[in-house]
file protein18.cif (mmCIF, C-alpha atoms)
data_entry
loop_
_atom_site.label_atom_id
_atom_site.label_comp_id
_atom_site.auth_asym_id
_atom_site.auth_seq_id
_atom_site.Cartn_x
_atom_site.Cartn_y
_atom_site.Cartn_z
CA MET C 1 -35.77 1.75 -3.50
CA ASN C 2 -33.92 0.41 -6.48
CA VAL C 3 -30.16 0.19 -7.04
CA SER C 4 -29.66 3.70 -8.34
CA GLU C 5 -31.82 5.31 -5.66
CA LEU C 6 -29.89 3.54 -2.92
CA ALA C 7 -26.58 4.43 -4.57
CA LYS C 8 -27.61 8.07 -4.76
CA GLU C 9 -28.71 8.18 -1.13
CA ALA C 10 -25.44 6.60 0.03
CA ARG C 11 -23.41 8.69 -2.41
CA ILE C 12 -21.68 5.70 -3.92
CA SER C 13 -21.60 4.18 -7.40
CA PRO C 14 -24.39 1.77 -8.43
CA HIS C 15 -21.57 -0.67 -9.26
CA VAL C 16 -20.67 -0.79 -5.60
CA VAL C 17 -24.27 -1.44 -4.57
CA ARG C 18 -24.51 -4.30 -7.10
CA PHE C 19 -21.17 -5.63 -5.92
CA TYR C 20 -22.35 -5.69 -2.30
CA ALA C 21 -25.56 -7.46 -3.36
CA ARG C 22 -23.60 -10.01 -5.39
CA THR C 23 -21.29 -10.81 -2.49
CA GLY C 24 -24.21 -11.10 -0.05
CA LEU C 25 -23.35 -8.03 2.03
CA LEU C 26 -26.69 -6.56 0.99
CA LYS C 27 -29.76 -8.74 0.61
CA PRO C 28 -32.24 -6.96 -1.60
CA GLY C 29 -35.67 -8.33 -2.36
CA ARG C 30 -37.08 -8.53 -5.88
CA ASN C 31 -39.71 -6.36 -7.42
CA PRO C 32 -42.32 -8.95 -8.43
CA SER C 33 -43.40 -7.07 -11.52
CA ASN C 34 -40.00 -6.63 -13.19
CA GLY C 35 -37.58 -8.73 -11.12
CA TYR C 36 -35.36 -5.75 -10.29
CA LYS C 37 -33.63 -5.53 -6.93
CA ILE C 38 -35.45 -3.54 -4.26
CA PHE C 39 -33.92 -2.34 -1.01
CA GLY C 40 -35.86 -1.64 2.17
CA GLN C 41 -34.98 0.48 5.17
CA ASN C 42 -33.02 -2.37 6.70
CA GLU C 43 -30.73 -2.52 3.67
CA VAL C 44 -30.15 1.22 3.91
CA LYS C 45 -28.97 0.70 7.49
CA ARG C 46 -26.82 -2.25 6.48
CA LEU C 47 -25.22 -0.22 3.76
CA ARG C 48 -24.44 2.59 6.17
CA PHE C 49 -22.91 0.07 8.54
CA ILE C 50 -20.78 -1.41 5.73
CA ARG C 51 -19.50 1.97 4.58
CA MET C 52 -18.62 3.13 8.08
CA ALA C 53 -16.93 -0.15 8.91
CA GLN C 54 -14.88 0.14 5.73
CA CYS C 55 -13.93 3.64 6.73
CA LEU C 56 -12.53 2.17 9.96
CA GLY C 57 -10.42 -0.23 7.91
CA TYR C 58 -12.41 -3.45 8.33
CA SER C 59 -12.17 -5.83 5.37
CA LEU C 60 -15.27 -7.00 3.53
CA ALA C 61 -14.76 -10.51 4.92
CA GLU C 62 -14.74 -9.09 8.44
CA ILE C 63 -17.85 -7.02 7.75
CA THR C 64 -19.60 -10.11 6.38
CA GLU C 65 -18.86 -11.90 9.64
CA MET C 66 -20.13 -8.95 11.71
CA LEU C 67 -23.35 -8.83 9.73
CA ARG C 68 -23.79 -12.57 10.11
CA ARG C 69 -23.50 -12.23 13.88
CA LEU C 70 -26.02 -9.43 13.90
CA GLU C 71 -28.42 -11.57 11.86
CA ASP C 72 -27.98 -14.40 14.35
CA GLY C 73 -28.80 -12.05 17.20
CA GLU C 74 -25.23 -12.01 18.53
CA THR C 75 -23.21 -8.91 19.23
CA PRO C 76 -20.25 -8.30 16.93
CA CYS C 77 -18.72 -5.78 19.36
CA ASP C 78 -16.03 -8.05 20.84
CA LEU C 79 -14.88 -9.10 17.40
CA MET C 80 -14.83 -5.54 16.15
CA GLU C 81 -12.80 -4.32 19.09
CA LYS C 82 -10.34 -7.19 18.88
CA ILE C 83 -9.72 -6.57 15.20
CA LEU C 84 -9.28 -2.87 15.77
CA HIS C 85 -6.67 -3.42 18.47
CA GLU C 86 -4.69 -5.64 16.09
CA ARG C 87 -5.06 -3.09 13.31
CA LEU C 88 -3.70 -0.33 15.51
CA VAL C 89 -0.49 -2.27 16.03
CA GLU C 90 -0.11 -2.89 12.29
CA ASN C 91 -0.96 0.72 11.63
CA GLN C 92 1.79 1.89 13.98
CA GLU C 93 4.34 -0.31 12.21
CA LYS C 94 3.27 1.09 8.87
CA ILE C 95 3.59 4.66 10.12
CA GLU C 96 7.11 3.99 11.38
CA MET C 97 8.08 2.33 8.10
CA LEU C 98 6.74 5.24 6.05
CA GLU C 99 8.48 7.78 8.27
CA ARG C 100 11.78 5.92 7.85
CA THR C 101 11.37 5.86 4.08
CA GLN C 102 10.50 9.52 4.09
CA LYS C 103 13.65 10.44 6.01
CA VAL C 104 15.85 8.53 3.58
CA MET C 105 14.16 10.21 0.64
CA GLU C 106 14.49 13.67 2.11
CA ARG C 107 18.18 13.13 2.68
CA ALA C 108 18.53 11.77 -0.83
CA LEU C 109 16.89 14.92 -2.15
CA VAL C 110 19.23 17.20 -0.23
CA CYS C 111 22.10 15.20 -1.62
CA LEU C 112 20.70 15.43 -5.15
CA GLU C 113 20.29 19.16 -4.89
CA ASN C 114 23.95 19.48 -4.01
CA ARG C 115 26.49 19.81 -6.74
CA ALA C 116 28.14 16.67 -5.46
CA TRP C 117 25.96 14.37 -7.46
CA ARG C 118 26.37 15.54 -11.02
CA SER C 119 28.38 12.69 -12.36
CA ALA C 120 27.04 10.33 -14.98
CA ASN C 121 29.01 7.61 -13.31
CA ILE C 122 26.98 4.83 -11.69
CA ASP C 123 29.73 4.14 -9.18
CA GLY C 124 29.32 7.62 -7.74
CA LEU C 125 25.56 7.18 -7.50
CA CYS C 126 26.06 3.86 -5.85
CA ASP C 127 28.29 5.31 -3.16
CA HIS C 128 25.66 7.90 -2.40
CA PHE C 129 22.89 5.37 -2.16
CA GLN C 130 25.08 3.25 0.05
CA SER C 131 25.75 6.02 2.53
CA LEU C 132 22.13 7.16 2.46
CA VAL C 133 20.63 3.78 3.07
CA ALA C 134 23.29 2.71 5.54
CA GLY C 135 22.78 5.87 7.57
CA THR C 136 19.25 4.90 8.60
CA GLY C 137 19.61 1.15 8.89
CA ALA C 138 16.76 0.83 6.40
CA MET S 1 34.21 -13.62 -13.55
CA THR S 2 31.53 -15.56 -11.78
CA ASN S 3 28.48 -17.51 -12.78
CA VAL S 4 24.87 -16.72 -11.82
CA SER S 5 24.68 -18.62 -8.55
CA GLU S 6 28.05 -17.48 -7.23
CA PHE S 7 27.29 -13.91 -8.22
CA ALA S 8 23.87 -14.05 -6.52
CA ARG S 9 25.41 -15.41 -3.35
CA LYS S 10 28.06 -12.68 -3.28
CA VAL S 11 25.46 -9.92 -3.36
CA GLY S 12 22.91 -11.75 -1.24
CA VAL S 13 20.02 -12.23 -3.67
CA THR S 14 18.51 -15.31 -5.28
CA PRO S 15 19.73 -16.56 -8.68
CA HIS S 16 16.16 -16.01 -9.84
CA THR S 17 16.49 -12.27 -9.16
CA VAL S 18 19.78 -12.12 -11.03
CA ARG S 19 18.31 -13.83 -14.10
CA TYR S 20 15.25 -11.59 -13.96
CA TYR S 21 17.34 -8.41 -13.90
CA ALA S 22 19.51 -9.77 -16.72
CA ARG S 23 16.40 -10.49 -18.78
CA LEU S 24 15.22 -6.91 -18.24
CA GLY S 25 18.61 -5.66 -19.38
CA LEU S 26 19.44 -4.12 -16.01
CA LEU S 27 22.42 -6.45 -15.71
CA LYS S 28 24.53 -7.15 -18.76
CA PRO S 29 26.55 -10.28 -18.16
CA GLN S 30 28.96 -11.54 -20.78
CA ARG S 31 28.68 -15.04 -22.22
CA ASP S 32 31.23 -17.71 -21.67
CA PRO S 33 32.24 -18.44 -25.30
CA ARG S 34 32.40 -22.19 -24.71
CA SER S 35 29.49 -22.95 -22.36
CA ARG S 36 27.32 -19.90 -23.28
CA TYR S 37 26.67 -19.45 -19.56
CA LYS S 38 26.31 -15.94 -18.18
CA LYS S 39 29.46 -14.50 -16.62
CA PHE S 40 29.43 -11.55 -14.24
CA THR S 41 32.22 -9.09 -13.44
CA GLU S 42 32.94 -6.58 -10.67
CA SER S 43 31.05 -3.87 -12.49
CA ASP S 44 27.92 -6.07 -12.47
CA ILE S 45 28.23 -6.24 -8.69
CA ALA S 46 28.25 -2.45 -8.47
CA ARG S 47 25.22 -2.32 -10.79
CA LEU S 48 23.30 -4.86 -8.77
CA GLN S 49 24.08 -3.05 -5.54
CA PHE S 50 22.88 0.13 -7.11
CA ILE S 51 19.63 -1.57 -8.20
CA LEU S 52 19.01 -2.95 -4.72
CA ARG S 53 19.61 0.39 -3.02
CA ALA S 54 17.45 2.25 -5.50
CA ARG S 55 14.70 -0.32 -4.93
CA SER S 56 14.91 0.24 -1.19
CA LEU S 57 14.37 3.94 -1.87
CA GLY S 58 11.20 3.08 -3.77
CA PHE S 59 12.50 3.35 -7.34
CA THR S 60 10.74 1.07 -9.83
CA LEU S 61 12.75 -1.23 -12.08
CA SER S 62 11.80 0.78 -15.13
CA GLU S 63 13.01 3.98 -13.47
CA ILE S 64 16.29 2.27 -12.66
CA GLY S 65 16.56 1.12 -16.28
CA GLU S 66 16.11 4.72 -17.40
CA ILE S 67 18.84 5.89 -15.03
CA PHE S 68 21.21 3.30 -16.52
CA ARG S 69 20.35 4.31 -20.08
CA ARG S 70 21.04 7.97 -19.39
CA SER S 71 24.23 7.15 -17.63
CA ALA S 72 25.34 4.98 -20.56
CA ARG S 73 24.75 7.89 -22.94
CA GLY S 74 27.06 9.95 -20.73
CA ARG S 75 24.26 12.13 -19.38
CA ALA S 76 23.96 12.85 -15.69
CA PRO S 77 20.82 11.08 -14.46
CA CYS S 78 20.50 13.50 -11.54
CA PRO S 79 17.60 15.68 -12.70
CA MET S 80 15.55 12.59 -13.41
CA VAL S 81 16.47 10.93 -10.12
CA ARG S 82 15.63 14.17 -8.34
CA ASP S 83 12.17 14.27 -9.92
CA ILE S 84 11.51 10.67 -8.95
CA VAL S 85 12.59 11.29 -5.35
CA ARG S 86 10.39 14.40 -5.15
CA ARG S 87 7.42 12.43 -6.46
CA ARG S 88 8.07 9.60 -3.99
CA ILE S 89 8.22 12.09 -1.12
CA GLU S 90 4.83 13.47 -2.13
CA GLU S 91 3.35 9.99 -2.43
CA THR S 92 4.77 8.95 0.92
CA THR S 93 3.35 12.09 2.53
CA GLU S 94 -0.09 11.25 1.16
CA ARG S 95 0.13 7.67 2.36
CA LEU S 96 1.31 8.82 5.79
CA ASP S 97 -1.61 11.25 6.05
CA ALA S 98 -4.06 8.49 5.16
CA VAL S 99 -2.58 6.05 7.67
CA LEU S 100 -2.50 8.71 10.41
CA ALA S 101 -6.14 9.63 9.73
CA LEU S 102 -7.13 5.97 9.91
CA ARG S 103 -5.33 5.67 13.23
CA GLU S 104 -7.31 8.60 14.61
CA ARG S 105 -10.61 7.07 13.46
CA MET S 106 -9.70 3.71 15.00
CA LYS S 107 -8.66 5.30 18.27
CA ARG S 108 -11.86 7.32 18.42
CA ALA S 109 -13.92 4.18 17.79
CA LEU S 110 -12.13 2.25 20.54
CA ALA S 111 -12.45 5.12 23.00
CA LEU S 112 -16.17 5.29 22.28
CA TRP S 113 -16.65 1.56 22.66
CA GLU S 114 -14.85 1.49 25.97
CA THR S 115 -17.22 4.01 27.48
CA MET S 116 -20.20 1.88 26.52
CA PRO S 117 -21.44 -1.32 28.11
CA ASP S 118 -21.75 -4.26 25.74
CA GLN S 119 -24.56 -3.48 23.44
CA VAL S 120 -27.61 -5.64 23.12
CA PRO S 121 -27.43 -7.10 19.63
CA ASP S 122 -29.01 -4.19 17.91
CA GLY S 123 -27.82 -3.21 14.48
CA ASN S 124 -28.91 0.36 15.02
CA ALA S 125 -26.87 0.91 18.15
CA ILE S 126 -23.74 -0.47 16.53
CA CYS S 127 -24.38 1.50 13.43
CA ALA S 128 -24.65 4.65 15.51
CA LEU S 129 -21.38 3.81 17.21
CA ILE S 130 -19.52 3.28 14.00
CA GLU S 131 -21.06 6.40 12.63
CA ALA S 132 -19.90 8.45 15.59
CA ALA S 133 -16.43 6.94 15.28
CA GLY S 134 -16.34 7.36 11.54
CA GLY S 135 -16.92 11.03 12.15
CA SER S 136 -16.01 13.25 9.26
CA HIS S 137 -15.71 10.38 6.81
CA ASP S 138 -18.02 12.07 4.30
CA ASP S 139 -16.06 15.28 4.33
CA GLU S 140 -12.77 13.67 3.40
#
call {"tool": "encode", "arguments": {"input": "protein18.cif", "output": "structure tokens"}}
result
Amino acid sequence: MNVSELAKEARISPHVVRFYARTGLLKPGRNPSNGYKIFGQNEVKRLRFIRMAQCLGYSLAEITEMLRRLEDGETPCDLMEKILHERLVENQEKIEMLERTQKVMERALVCLENRAWRSANIDGLCDHFQSLVAGTGA
Amino acid sequence: MTNVSEFARKVGVTPHTVRYYARLGLLKPQRDPRSRYKKFTESDIARLQFILRARSLGFTLSEIGEIFRRSARGRAPCPMVRDIVRRRIEETTERLDAVLALRERMKRALALWETMPDQVPDGNAICALIEAAGGSHDDE
């Protein structure tokens, strides 16, 4: 298949297919008559692998390394698991950070919906911010 | 009245940050008439503390500038601040949902991989694994 056929099958933009080919994630052959890229069944599988791996949060550099291992007949499983364990820790930190931010914001909103905060005076606003932010240790 | 570096130290930021905020007009230091150096007063400290706290709540510098402008015109900036906070809450909710969904996908993938012996190096098998773990990716 050509670029647009592959893109259609994978439900992604042709730009993305060309980008993957340019960065070596996909390795299309060339149509001898017109020089256009052609993709075989193997490339379809590679593309599916790339998309799914991205969906799990792997970076393109990591996916490149996994594909290289597969090409060399090695298993990328250990690497993939190791990365995922690290990612889970980072992910947890991010969740906690976002939840903290959210709490501060929700309290700020309650405060803003009160009549207490009607002044045009920056000093008043500042006091409110101070108590809000101090309250959570953020 | 203090100069840039002393002022920065008092509030706990770098002089670079102070100069940057002054350049954006968020801080309005006076000029020493003789040396032309910037001079900061107590009210600049309050402003800078306000900026830092608003930043920690996710306000952008241009939003903070707008709050200052309204305040300077004697208008309560509250409705605007309220809108910004509401928007930030929505954005944070979306980001949280995305991060939580990613966590579920990662956990599912790891759970799947643990139940399987190390695969022979076969692209198909791994692809199938990721696919199973990716689950409802296409429906999202």
call {"tool": "closest_residue", "arguments": {"input": "protein18.cif", "among": "S:Val11, S:Leu100, S:Leu112, S:Ala22", "to": "Arg53 in chain S", "atoms": "all atoms listed in the file"}}
result
S:Val11
call {"tool": "closest_residue", "arguments": {"input": "protein18.cif", "among": "S:Arg87, S:Tyr20, S:Gly74, S:Glu104", "to": "chain C", "atoms": "all atoms listed in the file"}}
result
S:Gly74
call {"tool": "closest_residue", "arguments": {"input": "protein18.cif", "among": "S:Lys10, S:Arg31, S:His16, S:Arg69", "to": "chain C", "atoms": "only C-alpha atoms"}}
result
S:Arg69
call {"tool": "resolve_selection", "arguments": {"input": "protein18.cif", "expression": "the PyMOL selection byres ((chain S and resi 93) around 12)", "output": "list of chain:residue names"}}
result
C:Ile95, C:Leu98, C:Glu99, C:Arg100, C:Thr101, C:Gln102, C:Lys103, C:Met105, C:Glu106, S:Arg86, S:Arg87, S:Arg88, S:Ile89, S:Glu90, S:Glu91, S:Thr92, S:Glu94, S:Arg95, S:Leu96, S:Asp97, S:Ala98, S:Val99, S:Leu100
call {"tool": "residues_around", "arguments": {"input": "protein18.cif", "residues": "Ala21 in chain C", "least_positions_apart": "6", "cutoff": "10 Å", "atoms": "all atoms listed in the file", "output": "tab-separated table (two decimals) with C-alpha atoms, keeping the file's coordinate frame"}}
result
chain	number	residue	atom	x	y	z
C	3	VAL	CA	-30.16	0.19	-7.04
C	15	HIS	CA	-21.57	-0.67	-9.26
C	27	LYS	CA	-29.76	-8.74	0.61
C	28	PRO	CA	-32.24	-6.96	-1.60
C	37	LYS	CA	-33.63	-5.53	-6.93
call {"tool": "residues_around", "arguments": {"input": "protein18.cif", "residues": "Ile67 in chain S", "least_positions_apart": "4", "cutoff": "7 Å", "atoms": "only C-alpha atoms", "output": "number ranges by chain"}}
result
S: 63, 71, 77
call {"tool": "atom_distance", "arguments": {"input": "protein18.cif", "atom1": "CA of Leu110 in chain S", "atom2": "CA of Asn91 in chain C"}}
result
14.4 Å
call {"tool": "resolve_selection", "arguments": {"input": "protein18.cif", "expression": "the PyMOL selection byres ((chain C and resi 23-26) around 12)", "output": "PyMOL selection string"}}
result
chain C and resi 3+6+16-22+27-29+37-51+59-68+71
call {"tool": "write_last_selection", "arguments": {"input": "protein18.cif", "atoms": "C-alpha atoms", "output": "PDB file, in the frame of the given file"}}
result
ATOM      1  CA  VAL C   3     -30.160   0.190  -7.040  1.00  0.00           C
ATOM      2  CA  LEU C   6     -29.890   3.540  -2.920  1.00  0.00           C
ATOM      3  CA  VAL C  16     -20.670  -0.790  -5.600  1.00  0.00           C
ATOM      4  CA  VAL C  17     -24.270  -1.440  -4.570  1.00  0.00           C
ATOM      5  CA  ARG C  18     -24.510  -4.300  -7.100  1.00  0.00           C
ATOM      6  CA  PHE C  19     -21.170  -5.630  -5.920  1.00  0.00           C
ATOM      7  CA  TYR C  20     -22.350  -5.690  -2.300  1.00  0.00           C
ATOM      8  CA  ALA C  21     -25.560  -7.460  -3.360  1.00  0.00           C
ATOM      9  CA  ARG C  22     -23.600 -10.010  -5.390  1.00  0.00           C
ATOM     10  CA  LYS C  27     -29.760  -8.740   0.610  1.00  0.00           C
ATOM     11  CA  PRO C  28     -32.240  -6.960  -1.600  1.00  0.00           C
ATOM     12  CA  GLY C  29     -35.670  -8.330  -2.360  1.00  0.00           C
ATOM     13  CA  LYS C  37     -33.630  -5.530  -6.930  1.00  0.00           C
ATOM     14  CA  ILE C  38     -35.450  -3.540  -4.260  1.00  0.00           C
ATOM     15  CA  PHE C  39     -33.920  -2.340  -1.010  1.00  0.00           C
ATOM     16  CA  GLY C  40     -35.860  -1.640   2.170  1.00  0.00           C
ATOM     17  CA  GLN C  41     -34.980   0.480   5.170  1.00  0.00           C
ATOM     18  CA  ASN C  42     -33.020  -2.370   6.700  1.00  0.00           C
ATOM     19  CA  GLU C  43     -30.730  -2.520   3.670  1.00  0.00           C
ATOM     20  CA  VAL C  44     -30.150   1.220   3.910  1.00  0.00           C
ATOM     21  CA  LYS C  45     -28.970   0.700   7.490  1.00  0.00           C
ATOM     22  CA  ARG C  46     -26.820  -2.250   6.480  1.00  0.00           C
ATOM     23  CA  LEU C  47     -25.220  -0.220   3.760  1.00  0.00           C
ATOM     24  CA  ARG C  48     -24.440   2.590   6.170  1.00  0.00           C
ATOM     25  CA  PHE C  49     -22.910   0.070   8.540  1.00  0.00           C
ATOM     26  CA  ILE C  50     -20.780  -1.410   5.730  1.00  0.00           C
ATOM     27  CA  ARG C  51     -19.500   1.970   4.580  1.00  0.00           C
ATOM     28  CA  SER C  59     -12.170  -5.830   5.370  1.00  0.00           C
ATOM     29  CA  LEU C  60     -15.270  -7.000   3.530  1.00  0.00           C
ATOM     30  CA  ALA C  61     -14.760 -10.510   4.920  1.00  0.00           C
ATOM     31  CA  GLU C  62     -14.740  -9.090   8.440  1.00  0.00           C
ATOM     32  CA  ILE C  63     -17.850  -7.020   7.750  1.00  0.00           C
ATOM     33  CA  THR C  64     -19.600 -10.110   6.380  1.00  0.00           C
ATOM     34  CA  GLU C  65     -18.860 -11.900   9.640  1.00  0.00           C
ATOM     35  CA  MET C  66     -20.130  -8.950  11.710  1.00  0.00           C
ATOM     36  CA  LEU C  67     -23.350  -8.830   9.730  1.00  0.00           C
ATOM     37  CA  ARG C  68     -23.790 -12.570  10.110  1.00  0.00           C
ATOM     38  CA  GLU C  71     -28.420 -11.570  11.860  1.00  0.00           C
TER      39      GLU C  71
END
call {"tool": "closest_residue", "arguments": {"input": "protein18.cif", "among": "S:Val13, S:Ser62, S:Ala46, S:Arg108", "to": "chain C", "atoms": "all atoms listed in the file"}}
result
S:Ala46
call {"tool": "closest_residue", "arguments": {"input": "protein18.cif", "among": "C:Tyr36, C:Arg30, C:Asn2, C:Met52", "to": "chain S", "atoms": "only C-alpha atoms"}}
result
C:Met52
call {"tool": "residues_around", "arguments": {"input": "protein18.cif", "residues": "range 7-9 of chain S", "least_positions_apart": "6", "cutoff": "12 Å", "atoms": "all atoms listed in the file", "output": "PyMOL selection string"}}
result
chain S and resi 1+15-22+27+29+38-46+48-49
call {"tool": "write_last_selection", "arguments": {"input": "protein18.cif", "atoms": "C-alpha atoms", "output": "tab-separated table (two decimals), in the frame of the given file"}}
result
chain	number	residue	atom	x	y	z
S	1	MET	CA	34.21	-13.62	-13.55
S	15	PRO	CA	19.73	-16.56	-8.68
S	16	HIS	CA	16.16	-16.01	-9.84
S	17	THR	CA	16.49	-12.27	-9.16
S	18	VAL	CA	19.78	-12.12	-11.03
S	19	ARG	CA	18.31	-13.83	-14.10
S	20	TYR	CA	15.25	-11.59	-13.96
S	21	TYR	CA	17.34	-8.41	-13.90
S	22	ALA	CA	19.51	-9.77	-16.72
S	27	LEU	CA	22.42	-6.45	-15.71
S	29	PRO	CA	26.55	-10.28	-18.16
S	38	LYS	CA	26.31	-15.94	-18.18
S	39	LYS	CA	29.46	-14.50	-16.62
S	40	PHE	CA	29.43	-11.55	-14.24
S	41	THR	CA	32.22	-9.09	-13.44
S	42	GLU	CA	32.94	-6.58	-10.67
S	43	SER	CA	31.05	-3.87	-12.49
S	44	ASP	CA	27.92	-6.07	-12.47
S	45	ILE	CA	28.23	-6.24	-8.69
S	46	ALA	CA	28.25	-2.45	-8.47
S	48	LEU	CA	23.30	-4.86	-8.77
S	49	GLN	CA	24.08	-3.05	-5.54
call {"tool": "closest_residue", "arguments": {"input": "protein18.cif", "among": "S:Gly65, S:Gly25, S:Gly12, S:Pro33", "to": "chain C", "atoms": "only C-alpha atoms"}}
result
S:Gly65
call {"tool": "decode", "arguments": {"input": "protein18.cif", "residues": "range 22-99 of chain S", "atoms": "C-alpha atoms", "output": "compact mmCIF listing (two decimals), in the first residue's frame"}}
result
# COMPACT_ATOMS: atom_id res chain seq x y z
CA ALA S 22 9.83 44.86 35.40
CA ARG S 23 10.34 44.69 31.64
CA LEU S 24 6.84 43.23 31.25
CA GLY S 25 5.46 46.07 33.35
CA LEU S 26 4.30 43.76 36.13
CA LEU S 27 6.64 45.53 38.53
CA LYS S 28 7.00 49.28 38.35
CA PRO S 29 10.17 50.30 40.12
CA GLN S 30 11.13 53.94 40.39
CA ARG S 31 14.44 55.23 39.08
CA ASP S 32 17.16 56.57 41.26
CA PRO S 33 17.48 60.12 39.84
CA ARG S 34 21.27 60.08 40.09
CA SER S 35 22.29 56.53 39.13
CA ARG S 36 19.17 55.68 37.04
CA TYR S 37 19.12 52.31 38.78
CA LYS S 38 15.79 50.68 39.55
CA LYS S 39 14.52 51.22 43.08
CA PHE S 40 11.85 49.05 44.69
CA THR S 41 9.49 49.88 47.54
CA GLU S 42 7.29 47.90 49.94
CA SER S 43 4.40 47.95 47.51
CA ASP S 44 6.60 46.24 44.90
CA ILE S 45 7.18 43.45 47.40
CA ALA S 46 3.44 42.96 47.78
CA ARG S 47 3.06 42.95 43.99
CA LEU S 48 5.82 40.42 43.50
CA GLN S 49 4.37 38.17 46.19
CA PHE S 50 1.04 38.41 44.48
CA ILE S 51 2.62 37.46 41.13
CA LEU S 52 4.38 34.45 42.63
CA ARG S 53 1.24 33.17 44.35
CA ALA S 54 -0.88 33.66 41.26
CA ARG S 55 1.75 31.79 39.25
CA SER S 56 1.60 28.89 41.69
CA LEU S 57 -2.15 28.78 41.09
CA GLY S 58 -1.49 28.45 37.37
CA PHE S 59 -2.16 32.04 36.27
CA THR S 60 -0.16 33.15 33.24
CA LEU S 61 1.87 36.35 33.34
CA SER S 62 -0.45 38.01 30.88
CA GLU S 63 -3.45 37.15 33.05
CA ILE S 64 -1.67 38.63 36.04
CA GLY S 65 -0.93 41.77 34.01
CA GLU S 66 -4.63 42.07 33.21
CA ILE S 67 -5.54 41.73 36.88
CA PHE S 68 -3.13 44.57 37.71
CA ARG S 69 -4.53 46.79 34.95
CA ARG S 70 -8.09 46.32 36.15
CA SER S 71 -7.09 46.93 39.69
CA ALA S 72 -5.26 50.11 38.68
CA ARG S 73 -8.41 51.38 36.97
CA GLY S 74 -10.23 50.85 40.27
CA ARG S 75 -12.23 47.90 38.99
CA ALA S 76 -12.55 44.72 41.01
CA PRO S 77 -10.65 42.01 39.13
CA CYS S 78 -12.73 39.29 40.78
CA PRO S 79 -15.01 38.26 37.91
CA MET S 80 -12.01 37.86 35.66
CA VAL S 81 -10.01 35.96 38.26
CA ARG S 82 -13.03 33.75 38.87
CA ASP S 83 -13.29 32.90 35.16
CA ILE S 84 -9.61 32.06 34.99
CA VAL S 85 -9.83 29.81 38.05
CA ARG S 86 -12.89 28.04 36.62
CA ARG S 87 -11.07 27.46 33.34
CA ARG S 88 -7.99 26.15 35.16
CA ILE S 89 -10.15 23.74 37.16
CA GLU S 90 -11.62 22.37 33.93
CA GLU S 91 -8.19 22.03 32.36
CA THR S 92 -6.79 20.33 35.43
CA THR S 93 -9.74 17.91 35.47
CA GLU S 94 -9.04 17.00 31.85
CA ARG S 95 -5.35 16.50 32.51
CA LEU S 96 -6.12 14.39 35.58
CA ASP S 97 -8.50 12.21 33.57
CA ALA S 98 -5.84 11.67 30.91
CA VAL S 99 -3.15 10.80 33.44
